[in-house]
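Participant: Structure: upload-v2.cif, mmCIF, C-alpha atoms and all ligand atoms.
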data_coords
#
loop_
_atom_site.label_atom_id
_atom_site.label_comp_id
_atom_site.auth_asym_id
_atom_site.auth_seq_id
_atom_site.Cartn_x
_atom_site.Cartn_y
_atom_site.Cartn_z
CA MET J 80 25.78 -9.12 -2.79
CA LYS J 81 27.45 -10.77 0.15
CA LYS J 82 30.19 -8.50 1.40
CA GLN J 83 32.20 -11.23 3.04
CA LYS J 84 35.65 -10.24 1.89
CA SER J 85 37.17 -13.01 3.95
CA THR J 86 35.62 -15.66 1.68
CA GLY J 87 38.42 -15.17 -0.86
CA VAL J 88 38.81 -13.00 -3.91
CA ASN J 89 37.77 -15.52 -6.55
CA ILE J 90 34.51 -16.39 -4.89
CA VAL J 91 33.74 -12.76 -4.23
CA ILE J 92 34.38 -11.90 -7.85
CA ARG J 93 32.16 -14.70 -9.09
CA GLN J 94 29.34 -13.70 -6.78
CA HIS J 95 30.01 -10.13 -7.65
CA LEU J 96 29.67 -10.70 -11.38
CA PHE J 97 26.63 -12.87 -11.12
CA ASN J 98 23.64 -10.99 -12.32
CA ASN J 99 25.61 -7.78 -12.63
CA ILE J 100 24.42 -5.39 -15.32
CA LEU J 101 25.04 -1.76 -16.16
CA PHE J 102 22.29 -0.06 -18.15
CA GLN J 103 23.58 3.05 -19.81
CA ASN J 104 21.74 5.98 -21.34
CA ALA J 105 18.34 4.93 -20.08
CA ARG J 106 15.29 7.05 -19.61
CA ILE J 107 14.68 6.10 -15.98
CA THR J 108 11.10 6.56 -14.87
CA ASP J 109 9.24 5.59 -11.73
CA GLY J 110 6.36 7.15 -9.81
CA MET J 111 8.62 9.86 -8.41
CA CYS J 112 11.07 10.81 -11.14
CA ASP J 113 11.73 10.78 -14.84
CA GLN J 114 15.35 11.34 -15.84
CA PHE J 115 18.12 10.12 -18.12
CA GLY J 116 21.06 8.18 -16.76
CA ASP J 117 22.69 4.86 -15.90
CA VAL J 118 21.51 2.10 -13.59
CA TRP J 119 23.80 -0.54 -12.15
CA ILE J 120 22.19 -3.70 -10.81
CA GLU J 121 23.93 -6.44 -8.91
CA ASN J 122 22.61 -9.67 -7.41
CA GLY J 123 19.06 -8.59 -8.00
CA ILE J 124 19.39 -5.22 -6.30
CA ILE J 125 19.81 -1.73 -7.74
CA ARG J 126 23.29 -0.75 -6.68
CA LYS J 127 23.56 2.71 -8.15
CA VAL J 128 21.59 5.23 -10.21
CA ALA J 129 23.38 8.29 -11.61
CA ARG J 130 23.58 10.54 -14.63
CA LYS J 131 26.79 8.74 -15.57
CA ILE J 132 28.27 5.79 -13.70
CA ASP J 133 32.03 5.37 -13.86
CA PHE J 134 33.06 1.76 -13.62
CA LYS J 135 35.91 -0.63 -14.00
CA ALA J 136 35.26 -3.11 -16.80
CA SER J 137 36.23 -5.90 -14.45
CA ASP J 138 33.33 -4.98 -12.17
CA ILE J 139 30.59 -5.44 -14.75
CA ALA J 140 29.37 -8.64 -16.40
CA GLU J 141 27.11 -7.01 -18.96
CA ILE J 142 26.86 -3.46 -20.28
CA ILE J 143 23.67 -2.54 -22.08
CA ASP J 144 23.45 0.80 -23.86
CA LEU J 145 19.73 1.55 -23.96
CA GLN J 146 20.17 4.63 -26.19
CA GLY J 147 17.25 6.42 -24.61
CA LEU J 148 14.92 3.47 -24.22
CA SER J 149 12.94 3.41 -20.97
CA LEU J 150 13.79 1.57 -17.81
CA LEU J 151 10.67 1.29 -15.64
CA PRO J 152 9.62 -0.71 -12.60
CA ALA J 153 7.92 -3.90 -13.81
CA MET J 154 4.17 -3.49 -13.47
CA ALA J 155 2.06 -5.17 -10.81
CA ASP J 156 -1.42 -6.49 -11.49
CA VAL J 157 -3.90 -6.93 -8.66
CA HIS J 158 -6.51 -8.58 -10.86
CA CYS J 159 -6.09 -11.36 -13.39
CA HIS J 160 -7.62 -14.78 -14.00
CA PHE J 161 -5.29 -17.73 -14.54
CA ARG J 162 -8.02 -20.41 -14.52
CA GLU J 163 -6.14 -23.05 -12.55
CA PRO J 164 -7.47 -25.35 -11.22
CA GLY J 165 -10.35 -26.41 -13.43
CA TYR J 166 -10.05 -24.47 -16.65
CA GLU J 167 -6.45 -25.05 -17.64
CA TYR J 168 -7.42 -25.24 -21.30
CA LYS J 169 -8.07 -21.46 -21.12
CA GLU J 170 -4.92 -20.63 -19.11
CA ASP J 171 -2.84 -22.20 -16.39
CA ILE J 172 -0.48 -20.63 -13.94
CA ASP J 173 2.56 -21.31 -16.09
CA SER J 174 1.08 -19.93 -19.32
CA GLY J 175 -0.45 -17.02 -17.42
CA LEU J 176 2.90 -16.10 -15.88
CA ARG J 177 4.60 -16.35 -19.29
CA ALA J 178 2.02 -13.97 -20.69
CA ALA J 179 2.50 -11.71 -17.67
CA ILE J 180 6.26 -11.31 -18.01
CA LYS J 181 5.82 -10.68 -21.73
CA GLY J 182 3.33 -8.01 -20.76
CA GLY J 183 5.87 -6.39 -18.44
CA TYR J 184 4.64 -7.59 -15.06
CA GLY J 185 6.75 -8.38 -12.02
CA PHE J 186 3.94 -9.38 -9.70
CA VAL J 187 0.42 -10.62 -10.48
CA ALA J 188 -2.53 -11.64 -8.34
CA ALA J 189 -5.00 -14.20 -9.65
CA MET J 190 -8.68 -14.21 -8.77
CA ALA J 191 -10.35 -17.11 -7.00
CA ASN J 192 -13.09 -18.07 -9.47
CA THR J 193 -11.47 -21.35 -10.39
CA LEU J 194 -12.99 -24.85 -10.23
CA PRO J 195 -12.91 -25.75 -7.41
CA VAL J 196 -12.97 -22.21 -6.09
CA ALA J 197 -9.76 -21.01 -4.42
CA ASP J 198 -11.30 -20.93 -0.96
CA THR J 199 -9.15 -23.47 0.93
CA TYR J 200 -5.61 -23.58 2.23
CA ASP J 201 -4.75 -26.53 -0.04
CA ILE J 202 -5.87 -24.97 -3.31
CA ILE J 203 -4.26 -21.64 -2.59
CA SER J 204 -0.98 -23.10 -1.39
CA ALA J 205 -0.88 -25.45 -4.41
CA ASN J 206 -1.28 -22.49 -6.77
CA ASN J 207 1.34 -20.46 -4.95
CA ALA J 208 3.71 -23.44 -5.15
CA LYS J 209 3.11 -23.86 -8.91
CA ALA J 210 3.90 -20.22 -9.47
CA LYS J 211 7.03 -20.48 -7.38
CA SER J 212 8.31 -23.45 -9.35
CA ALA J 213 7.56 -21.67 -12.65
CA ASN J 214 10.15 -19.13 -11.43
CA LEU J 215 8.94 -16.35 -13.70
CA CYS J 216 7.40 -13.40 -11.85
CA ASP J 217 5.90 -13.05 -8.37
CA PHE J 218 2.41 -14.39 -7.85
CA LEU J 219 -0.31 -14.15 -5.26
CA GLN J 220 -3.38 -16.34 -5.26
CA ILE J 221 -6.37 -14.31 -4.12
CA ALA J 222 -8.77 -16.19 -1.84
CA ALA J 223 -12.53 -16.17 -2.22
CA ILE J 224 -14.24 -14.29 0.60
CA GLY J 225 -17.31 -16.54 0.50
CA LYS J 226 -17.12 -20.32 0.42
CA GLY J 227 -17.73 -21.51 -3.14
CA LEU J 228 -17.78 -17.85 -4.24
CA CYS J 229 -21.23 -17.50 -2.64
CA ASP J 230 -22.34 -14.68 -0.39
CA SER J 231 -23.51 -16.72 2.56
CA GLU J 232 -20.63 -18.25 4.52
CA LEU J 233 -17.25 -16.56 5.03
CA VAL J 234 -14.14 -18.59 4.25
CA ASP J 235 -11.73 -19.47 7.05
CA VAL J 236 -10.01 -16.09 6.92
CA GLU J 237 -7.66 -16.74 9.79
CA THR J 238 -6.14 -19.78 8.06
CA LEU J 239 -6.05 -18.29 4.56
CA LEU J 240 -4.36 -15.12 5.79
CA LYS J 241 -1.17 -17.13 6.09
CA LEU J 242 -1.19 -17.37 2.28
CA THR J 243 -2.78 -14.22 0.95
CA ARG J 244 -3.79 -10.69 1.82
CA LEU J 245 -6.45 -10.25 -0.86
CA PHE J 246 -9.90 -11.75 -0.67
CA SER J 247 -12.49 -11.47 -3.42
CA ASN J 248 -15.54 -13.15 -4.92
CA ASP J 249 -14.68 -11.50 -8.25
CA GLY J 250 -16.68 -12.91 -11.10
CA ASN J 251 -19.62 -12.79 -8.73
CA SER J 252 -21.13 -9.74 -7.07
CA ILE J 253 -21.87 -9.77 -3.35
CA LEU J 254 -25.58 -9.14 -3.44
CA CYS J 255 -26.35 -9.99 0.20
CA GLU J 256 -25.88 -6.81 2.24
CA ASP J 257 -25.45 -8.65 5.52
CA PHE J 258 -22.69 -10.79 4.02
CA MET J 259 -20.95 -7.67 2.66
CA LEU J 260 -21.03 -6.12 6.12
CA ARG J 261 -19.54 -9.28 7.66
CA ALA J 262 -16.84 -9.35 4.98
CA LEU J 263 -15.92 -5.72 5.72
CA GLN J 264 -15.86 -6.45 9.44
CA ALA J 265 -13.51 -9.39 8.80
CA SER J 266 -11.31 -7.10 6.67
CA ALA J 267 -11.11 -4.64 9.56
CA GLN J 268 -10.47 -7.37 12.12
CA TYR J 269 -7.78 -9.24 10.17
CA GLY J 270 -6.32 -6.44 8.08
CA PHE J 271 -6.85 -7.82 4.59
CA VAL J 272 -8.03 -6.16 1.39
CA LEU J 273 -11.54 -7.02 0.25
CA ALA J 274 -11.84 -6.63 -3.53
CA THR J 275 -15.33 -6.43 -4.99
CA HIS J 276 -16.96 -7.02 -8.34
CA CYS J 277 -20.03 -4.77 -8.49
CA GLN J 278 -22.94 -5.40 -10.81
CA PRO J 279 -25.26 -3.53 -10.88
CA GLU J 280 -22.28 -1.28 -10.49
CA GLU J 281 -23.54 2.06 -9.17
CA GLU J 282 -26.06 0.44 -6.84
CA LEU J 283 -23.55 -1.87 -5.18
CA ILE J 284 -20.79 0.73 -4.97
CA GLU J 285 -23.20 3.12 -3.28
CA ARG J 286 -24.24 0.42 -0.82
CA ASP J 287 -20.67 -0.67 -0.08
CA LEU J 288 -19.38 2.86 0.47
CA HIS J 289 -22.28 3.38 2.85
CA LEU J 290 -21.41 0.17 4.73
CA LEU J 291 -17.76 1.22 4.82
CA LYS J 292 -18.70 4.21 6.99
CA LYS J 293 -19.78 1.71 9.65
CA VAL J 294 -16.51 -0.23 9.43
CA PRO J 295 -13.84 2.45 9.20
CA ASN J 296 -10.85 0.13 9.49
CA ALA J 297 -11.80 -2.16 6.62
CA GLN J 298 -9.90 -2.00 3.31
CA LEU J 299 -12.22 -2.00 0.34
CA HIS J 300 -10.90 -2.26 -3.21
CA ILE J 301 -13.44 -1.82 -5.98
CA CYS J 302 -12.57 -3.74 -9.13
CA HIS J 303 -12.98 -2.54 -12.72
CA VAL J 304 -14.82 0.74 -12.19
CA SER J 305 -16.54 1.61 -15.45
CA LYS J 306 -19.20 4.27 -14.99
CA VAL J 307 -19.14 8.03 -14.60
CA ASP J 308 -21.32 7.91 -11.46
CA SER J 309 -19.10 5.27 -9.86
CA VAL J 310 -16.06 7.52 -10.28
CA GLU J 311 -17.94 10.42 -8.68
CA MET J 312 -19.08 8.31 -5.70
CA ILE J 313 -15.54 7.07 -5.08
CA ARG J 314 -14.17 10.61 -5.42
CA ASN J 315 -16.58 11.75 -2.71
CA ALA J 316 -15.77 8.77 -0.50
CA LYS J 317 -12.09 9.62 -0.71
CA ARG J 318 -12.84 13.21 0.25
CA GLU J 319 -14.49 11.75 3.35
CA LYS J 320 -11.31 9.73 3.90
CA LEU J 321 -13.02 6.35 3.59
CA PRO J 322 -10.48 3.50 3.17
CA VAL J 323 -11.29 2.69 -0.44
CA THR J 324 -9.14 2.06 -3.49
CA CYS J 325 -10.20 1.20 -7.01
CA GLU J 326 -8.90 0.09 -10.36
CA VAL J 327 -9.74 0.47 -14.02
CA THR J 328 -9.07 -2.06 -16.80
CA PRO J 329 -7.34 -1.49 -20.14
CA HIS J 330 -10.52 -2.17 -22.09
CA HIS J 331 -12.66 0.34 -20.23
CA LEU J 332 -10.05 3.00 -21.04
CA PHE J 333 -9.38 1.81 -24.55
CA ALA J 334 -12.88 1.73 -25.97
CA ALA J 335 -16.28 3.31 -25.67
CA GLN J 336 -19.61 2.15 -27.00
CA ALA J 337 -21.11 4.38 -29.62
CA ASP J 338 -24.18 6.30 -28.56
CA ILE J 339 -25.99 9.27 -30.02
CA ALA J 340 -24.36 11.81 -27.69
CA MET J 341 -20.86 11.75 -29.07
CA PRO J 342 -18.77 11.84 -32.22
CA CYS J 343 -18.50 8.41 -33.79
CA ASP J 344 -15.37 8.97 -35.83
CA LEU J 345 -13.02 8.64 -32.85
CA PRO J 346 -10.76 5.57 -32.98
CA PHE J 347 -11.88 4.23 -29.61
CA VAL J 348 -15.59 4.45 -30.34
CA GLN J 349 -17.12 1.32 -31.81
CA ASN J 350 -20.27 -0.66 -31.49
CA LEU J 351 -18.41 -3.54 -29.95
CA ASP J 352 -20.33 -6.76 -29.75
CA TYR J 353 -18.14 -8.36 -27.12
CA LYS J 354 -19.19 -9.64 -23.74
CA VAL J 355 -17.28 -8.28 -20.78
CA ASN J 356 -18.30 -7.63 -17.16
CA PRO J 357 -18.93 -4.83 -16.44
CA PRO J 358 -19.75 -3.82 -20.03
CA ILE J 359 -17.68 -1.22 -21.83
CA GLY J 360 -19.24 2.17 -21.11
CA ASN J 361 -20.04 5.14 -23.25
CA PHE J 362 -18.07 8.22 -24.21
CA LYS J 363 -18.80 10.06 -20.95
CA ASP J 364 -17.91 7.04 -18.84
CA ARG J 365 -14.58 6.75 -20.56
CA LEU J 366 -13.75 10.43 -20.08
CA ALA J 367 -14.68 10.14 -16.38
CA LEU J 368 -12.31 7.17 -16.01
CA ILE J 369 -9.44 9.11 -17.56
CA GLU J 370 -10.20 12.11 -15.33
CA GLY J 371 -10.26 9.70 -12.35
CA LEU J 372 -6.77 8.50 -13.24
CA ARG J 373 -5.58 12.06 -13.48
CA ASP J 374 -6.93 13.32 -10.16
CA GLY J 375 -6.13 10.20 -8.12
CA THR J 376 -9.71 8.95 -7.67
CA ILE J 377 -8.70 5.81 -9.54
CA ASP J 378 -5.65 4.40 -7.80
CA MET J 379 -4.39 1.85 -10.24
CA LEU J 380 -4.59 0.04 -13.54
CA ALA J 381 -5.46 -3.68 -13.43
CA SER J 382 -5.59 -6.01 -16.41
CA ASP J 383 -8.63 -8.15 -15.51
CA HIS J 384 -6.97 -10.63 -17.89
CA ALA J 385 -9.83 -13.07 -18.52
CA PRO J 386 -8.75 -15.78 -20.96
CA HIS J 387 -11.37 -17.94 -22.65
CA SER J 388 -11.37 -20.47 -25.47
CA GLU J 389 -13.15 -19.55 -28.69
CA GLU J 390 -15.87 -22.01 -27.92
CA ASP J 391 -16.48 -20.64 -24.41
CA LYS J 392 -16.51 -17.13 -25.79
CA ARG J 393 -19.12 -18.11 -28.38
CA ALA J 394 -21.16 -19.57 -25.54
CA GLY J 395 -21.15 -16.19 -23.79
CA ALA J 396 -18.20 -16.26 -21.38
CA PRO J 397 -17.38 -12.66 -20.36
CA GLY J 398 -13.93 -11.12 -20.51
CA ILE J 399 -10.86 -10.17 -22.51
CA ALA J 400 -7.35 -11.64 -22.61
CA ASN J 401 -5.45 -8.48 -21.76
CA ILE J 402 -2.27 -9.15 -19.94
CA GLU J 403 0.05 -9.02 -22.96
CA THR J 404 -1.48 -5.90 -24.44
CA ALA J 405 -2.31 -3.80 -21.37
CA PHE J 406 0.99 -1.87 -21.52
CA GLY J 407 0.42 -0.65 -25.08
CA MET J 408 -3.29 -0.03 -24.49
CA TYR J 409 -2.57 2.18 -21.47
CA LEU J 410 0.07 4.18 -23.30
CA GLN J 411 -2.18 4.63 -26.30
CA VAL J 412 -4.74 6.22 -23.98
CA PHE J 413 -2.08 8.25 -22.18
CA ASP J 414 -0.92 9.56 -25.54
CA GLU J 415 -4.34 10.85 -26.49
CA ASP J 416 -4.16 14.30 -24.97
CA GLY J 417 -0.80 14.13 -23.22
CA SER J 418 -2.21 15.00 -19.81
CA LEU J 419 -1.00 11.78 -18.18
CA SER J 420 2.76 11.44 -17.82
CA MET J 421 5.10 8.47 -17.63
CA LYS J 422 5.40 9.16 -13.89
CA ASP J 423 1.61 8.82 -13.69
CA PHE J 424 1.95 5.58 -15.62
CA CYS J 425 4.35 4.21 -12.99
CA ARG J 426 2.22 5.47 -10.11
CA LEU J 427 -0.76 3.61 -11.58
CA THR J 428 0.94 0.43 -12.82
CA SER J 429 3.53 -0.14 -10.11
CA ASP J 430 3.38 2.10 -7.02
CA ALA J 431 -0.27 1.65 -6.16
CA PRO J 432 -0.70 -2.03 -7.08
CA TYR J 433 2.50 -3.07 -5.29
CA ARG J 434 1.26 -1.30 -2.17
CA LEU J 435 -2.11 -3.06 -2.37
CA LEU J 436 -0.20 -6.33 -2.66
CA GLY J 437 1.67 -5.51 0.54
CA ARG J 438 4.96 -4.35 -0.96
CA GLN J 439 6.58 -0.96 -0.96
CA SER J 440 6.21 1.35 -3.96
CA ALA J 441 8.44 0.38 -6.84
CA ARG J 442 11.34 2.79 -7.20
CA ILE J 443 14.41 2.75 -9.38
CA LYS J 444 16.85 3.75 -6.70
CA GLU J 445 19.73 2.34 -4.74
CA GLY J 446 18.90 -0.65 -2.56
CA ARG J 447 15.60 -1.57 -4.23
CA GLU J 448 14.87 -4.83 -6.04
CA ALA J 449 15.83 -4.80 -9.70
CA THR J 450 12.41 -5.90 -10.97
CA LEU J 451 12.40 -3.79 -14.08
CA ILE J 452 11.33 -3.59 -17.67
CA VAL J 453 13.12 -2.19 -20.66
CA ALA J 454 10.56 -0.65 -22.96
CA ASP J 455 10.17 1.51 -25.99
CA VAL J 456 7.39 3.82 -24.87
CA GLU J 457 7.12 5.72 -28.14
CA THR J 458 6.90 3.03 -30.79
CA LYS J 459 3.57 2.68 -32.56
CA GLY J 460 2.18 -0.77 -33.09
CA LYS J 461 -0.94 -2.85 -33.36
CA ILE J 462 -2.45 -5.54 -31.19
CA ASP J 463 -1.74 -8.86 -32.87
CA THR J 464 -3.30 -11.94 -31.31
CA SER J 465 -1.04 -14.20 -33.37
CA ASP J 466 1.77 -13.01 -31.05
CA PHE J 467 0.01 -14.05 -27.84
CA VAL J 468 1.68 -16.58 -25.56
CA SER J 469 -1.49 -16.85 -23.47
CA LYS J 470 -3.49 -19.98 -24.25
CA SER J 471 -6.41 -17.73 -25.17
CA LYS J 472 -6.68 -14.97 -27.72
CA ASN J 473 -10.06 -13.52 -26.84
CA THR J 474 -9.98 -9.81 -27.52
CA PRO J 475 -12.11 -7.52 -29.69
CA PHE J 476 -9.05 -5.31 -30.25
CA ASP J 477 -6.99 -7.38 -32.69
CA GLY J 478 -5.47 -4.87 -35.12
CA TRP J 479 -6.15 -1.78 -32.97
CA ASP J 480 -3.40 0.80 -32.58
CA ILE J 481 -1.27 0.80 -29.45
CA ARG J 482 1.79 2.71 -28.28
CA GLY J 483 4.84 1.22 -26.64
CA LYS J 484 6.38 -2.20 -26.36
CA VAL J 485 7.93 -4.16 -23.51
CA LEU J 486 11.32 -5.38 -24.74
CA ARG J 487 12.74 -7.08 -21.66
CA THR J 488 11.53 -8.05 -18.21
CA TYR J 489 13.93 -8.53 -15.30
CA ILE J 490 12.82 -10.09 -12.04
CA ARG J 491 15.28 -9.29 -9.24
CA GLY J 492 17.98 -8.80 -11.84
CA GLU J 493 17.28 -11.99 -13.76
CA LYS J 494 16.21 -11.59 -17.34
CA LYS J 495 12.97 -13.54 -17.74
CA TYR J 496 11.75 -12.15 -21.03
CA ASP J 497 13.64 -10.76 -24.00
CA SER J 498 12.01 -9.51 -27.21
CA GLY J 499 9.57 -12.27 -27.85
CA GLN J 500 11.40 -14.95 -25.90
CA THR J 501 10.58 -16.23 -22.44
CA LEU J 502 13.85 -17.27 -20.84
ZN ZN L 601 -14.78 -8.87 -12.01
#
Take the structure in the file and give it back as C-alpha cells.
Ligand SMILES: [Zn+2]

Facilitator:
Amino acid sequence: MKKQKSTGVNIVIRQHLFNNILFQNARITDGMCDQFGDVWIENGIIRKVARKIDFKASDIAEIIDLQGLSLLPAMADVHCHFREPGYEYKEDIDSGLRAAIKGGYGFVAAMANTLPVADTYDIISANNAKAKSANLCDFLQIAAIGKGLCDSELVDVETLLKLTRLFSNDGNSILCEDFMLRALQASAQYGFVLATHCQPEEELIERDLHLLKKVPNAQLHICHVSKVDSVEMIRNAKREKLPVTCEVTPHHLFAAQADIAMPCDLPFVQNLDYKVNPPIGNFKDRLALIEGLRDGTIDMLASDHAPHSEEDKRAGAPGIANIETAFGMYLQVFDEDGSLSMKDFCRLTSDAPYRLLGRQSARIKEGREATLIVADVETKGKIDTSDFVSKSKNTPFDGWDIRGKVLRTYIRGEKKYDSGQTL
C-alpha cells in the first residue's frame, strides 16, 4: 500500500481497499509455525497476523471466515514440464499454469526438454514472456546446460543467466563425466543451480557427488531421487557438507512396485505397468524416501509434472501428469503414520523450493507476499482425471485415495483460483 496521505482521502481509500482481505479463524501453517488466527492482506502483502484481528469494517473489502480451514504458503515447484515450444498438444505454458494454480502452486519452474530445446536467450525469454502475460502464477524457464540437451557443448551460461538461475538437461542424463565436471565448474563460477536427471541413478549420483568434492562452490540439485542407496549417498554427502540438494516426486512417494519382500495388501503397493523415469521403486525404496523427508536428506517435493497425450503414452513416453494432484498425494503419504507434520509439508513444498528458485522462504507473517492457498487438509478424496485442467490426463492413479484439497490460490493477494474455477 502506498502511504502517501497527501494524495487525498478518496484515492487512499480506494487503493487501501483494493485487494484487501481479512481471513478469520484460519489454521495458519508455514515452515516455522502452525497456529490458529486471522490474517489480513492488503495490496498483495500480509499486513497483520494475530490470534484475533480487530478491525473497522470500513478498512476491509472482504472478510472470509475460514472456520478452521488451512491457510498455507502457495507451493513452489522446481521441476515440471510444460512442453512449449514444440509439444503444445500435451501442454502449453498457459494450460500448465492453470493446472499449477489449481494444484496450489505460486511459482513453477519448467524443464528445458522442449522442441527446440530451451537453450537460447530467445526461447527462454519467449517462454518467460508468455507466462507473464498469462498472469497466473510465477514462472521460471529452466535452461538446458548442454546445447540441444546433449552432454558435449555447454550453453552460453553468461547470457542465459540474465533469464534463469536453474540449468538442467532433465529428461536426459549427463553420461559424459568430463561434461559433468565442466557443468559443475560453470555452476561454481556463475552461481547457478545445476539440476540433474540420473539414470542409472545410483551410479551417476555416486559419480556426481564425487565430482562435487572437486568443485566445492558448485550447487548440485539431484532430481527425482527414487532409490534407497541414493538417499543414503546424499545423506552422507550432506554430512560432509557438500553443496547438494535433492527432490522427490509425488509418484515415488505414493506408490511402490510389488516384490516378494513385502506385504502386498498395502494400498500403495501395486504392480504398476506405467512408464516413468526413474521407475517407481520397491517397498524399501519408498520407506527410505519418506525417512529422507523426515530427516532432511531430501530437501523438497517436486511434481515432475510430465504431461503426455494418450497416443504418446501408448508409444512409450515416460512420465505422469501430477501437478493438480501432488498436494493430495503428498498429504495422503504424510497421513500414513503421522510422523510428518504440516510444518514439514510447508518446509518441503514452499520453503526449500522457493529458496532454490532464488526467493526467500515462504512465511505467513507481516510484510511478506500474500501468495497463499486456502485448503482443506483433512478431507478425503480420490484422484479424478475427469477434473484435470491440464491438457493431458496421464496418470496410473485415477481413483486412488488422496487427502486434502486446494480450495483457493492467491498470488500476491489476487485470487487466481477458486474451487474449480480459474479466475
Ligand atoms: Zn527427469

Participant: Go through chain J and flag each residue having an atom no more than 9 Å from ligand ZN 601 (chain L); for those, report the closest pair of atoms plus their distance in Å to one decimal, using all atoms listed in the file, ordered by chain and rising number, as a tab-separated table.

Facilitator:
residue	atom	partner	partner_atom	distance
J:His158	CA	L:ZN601	ZN	8.4
J:Met190	CA	L:ZN601	ZN	8.7
J:Asn248	CA	L:ZN601	ZN	8.3
J:Asp249	CA	L:ZN601	ZN	4.6
J:Gly250	CA	L:ZN601	ZN	4.6
J:Asn251	CA	L:ZN601	ZN	7.0
J:Ser252	CA	L:ZN601	ZN	8.1
J:Thr275	CA	L:ZN601	ZN	7.5
J:His276	CA	L:ZN601	ZN	4.7
J:Cys277	CA	L:ZN601	ZN	7.5
J:Gln278	CA	L:ZN601	ZN	8.9
J:Cys302	CA	L:ZN601	ZN	6.3
J:His303	CA	L:ZN601	ZN	6.6
J:Asn356	CA	L:ZN601	ZN	6.4
J:Pro357	CA	L:ZN601	ZN	7.3
J:Asp383	CA	L:ZN601	ZN	7.1
J:Gly398	CA	L:ZN601	ZN	8.8

Participant: CA of Thr199 in chain J to CA of Lys169 in chain J: how many Å, to one decimal?

Facilitator: 22.2 Å

Participant: Write out as a list in words which residues come within 8 Å of Met408 in chain J when counting all atoms listed in the file, dropping same-chain ones fewer than 4 positions away.

Facilitator: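 Result of the neighbour search: Pro329, His330, Phe333, Thr404, Val412, Ile481 and Arg482 of chain J.
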
Participant: Next, dump the selected residues to file, keeping only C-alpha atoms, as a PDB file, in the coordinates of the input.

Facilitator:
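result-v8.pdb was written with the following content:
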ATOM      1  CA  PRO J 329      -7.340  -1.490 -20.140  1.00  0.00           C
ATOM      2  CA  HIS J 330     -10.520  -2.170 -22.090  1.00  0.00           C
ATOM      3  CA  PHE J 333      -9.380   1.810 -24.550  1.00  0.00           C
ATOM      4  CA  THR J 404      -1.480  -5.900 -24.440  1.00  0.00           C
ATOM      5  CA  VAL J 412      -4.740   6.220 -23.980  1.00  0.00           C
ATOM      6  CA  ILE J 481      -1.270   0.800 -29.450  1.00  0.00           C
ATOM      7  CA  ARG J 482       1.790   2.710 -28.280  1.00  0.00           C
TER       8      ARG J 482
END

Participant: Report, in Å to a single decimal, how far apart CA of Ile125 in chain J and CA of Phe186 in chain J are.

Facilitator: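 According to the coordinates, CA of Phe186 in chain J and CA of Ile125 in chain J are separated by 17.7 Å.
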
Participant: Counting all atoms listed in the file, figure out which residue out of J:Ser212, J:Gln146, J:Thr324, J:Asn192 gets nearest to Asp117 in chain J.

Facilitator: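 Smallest distance to Asp117 in chain J is found for J:Gln146.
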
Participant: Would you list the contacts of Phe258 in chain J as JSON, numbers by chain, taking every protein, DNA or RNA residue within 10 Å and counting only C-alpha atoms, but skipping same-chain residues closer than 6 positions in sequence?

Facilitator: {"J": [224, 225, 229, 230, 231, 232, 233, 264]}

Participant: With only C-alpha atoms as the atoms that count, which of J:His331, J:Ser465, J:Met312, J:Cys159 lies nearest to Ser247 in chain J?

Facilitator: J:Cys159

Participant: Point out the residue among J:Ser266, J:Asn99, J:Ser469, J:Thr108 with the least atom-to-atom distance to Arg426 in chain J, counting all atoms listed in the file.

Facilitator: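 Closest candidate: J:Thr108.
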
Participant: For Gly182 in chain J, which residue among J:Glu326, J:Glu256, J:Asp144, J:Asp156 is the nearest when counting all atoms listed in the file?

Facilitator: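 Ranked by minimum distance to Gly182 in chain J, first place goes to J:Asp156.
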
Participant: Using all atoms listed in the file, collect all residues at a distance of at most 8 Å from (8.2, 9.1, -9.1) as written in the file, then present them as a list in words.

Facilitator: Thr108, Asp109, Gly110, Met111, Cys112, Asp113, Lys422, Cys425, Arg426 and Arg442 of chain J

Participant: Can you measure CA of Leu151 in chain J to CA of Ala454 in chain J for me? One decimal in Å is fine.

Facilitator: 7.6 Å

Participant: Write out as a PDB file with C-alpha atoms, in the frame of the given file the residues lying within 10 Å of Leu419 in chain J, counting all atoms listed in the file and excluding same-chain residues fewer than 2 positions away.

Facilitator:
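Okay, this is what ended up in selection10.pdb:
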ATOM      1  CA  ILE J 369      -9.440   9.110 -17.560  1.00  0.00           C
ATOM      2  CA  GLU J 370     -10.200  12.110 -15.330  1.00  0.00           C
ATOM      3  CA  LEU J 372      -6.770   8.500 -13.240  1.00  0.00           C
ATOM      4  CA  ARG J 373      -5.580  12.060 -13.480  1.00  0.00           C
ATOM      5  CA  LEU J 410       0.070   4.180 -23.300  1.00  0.00           C
ATOM      6  CA  VAL J 412      -4.740   6.220 -23.980  1.00  0.00           C
ATOM      7  CA  PHE J 413      -2.080   8.250 -22.180  1.00  0.00           C
ATOM      8  CA  ASP J 414      -0.920   9.560 -25.540  1.00  0.00           C
ATOM      9  CA  GLU J 415      -4.340  10.850 -26.490  1.00  0.00           C
ATOM     10  CA  ASP J 416      -4.160  14.300 -24.970  1.00  0.00           C
ATOM     11  CA  GLY J 417      -0.800  14.130 -23.220  1.00  0.00           C
ATOM     12  CA  MET J 421       5.100   8.470 -17.630  1.00  0.00           C
ATOM     13  CA  LYS J 422       5.400   9.160 -13.890  1.00  0.00           C
ATOM     14  CA  ASP J 423       1.610   8.820 -13.690  1.00  0.00           C
ATOM     15  CA  PHE J 424       1.950   5.580 -15.620  1.00  0.00           C
TER      16      PHE J 424
END

Participant: Of the candidates J:Ala367, J:Leu436, J:Ile399, J:Ala441, which shows the shortest atom-to-atom distance to Phe271 in chain J, using only C-alpha atoms?

Facilitator: J:Leu436

Participant: Take the point (-19.7, -0.6, 2.2) as written in the file and pick out every residue within 10 Å of it, counting all atoms listed in the file; give the list as an MDAnalysis selection string.

Facilitator: chainID J and resid 256 259:260 262:263 283:295 297:299 321 323

Participant: Contacts of Asp217 in chain J at 9 Å or less, counting all atoms listed in the file, minus same-chain residues fewer than 4 places along, as an MDAnalysis selection string?

Facilitator: chainID J and resid 176 184:188 210:211 490

Participant: Tell me which of J:Ala335, J:Val485, J:Leu427, J:Gln220 sits closest to Ala205 in chain J, counting all atoms listed in the file.

Facilitator: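 Closest candidate: J:Gln220.
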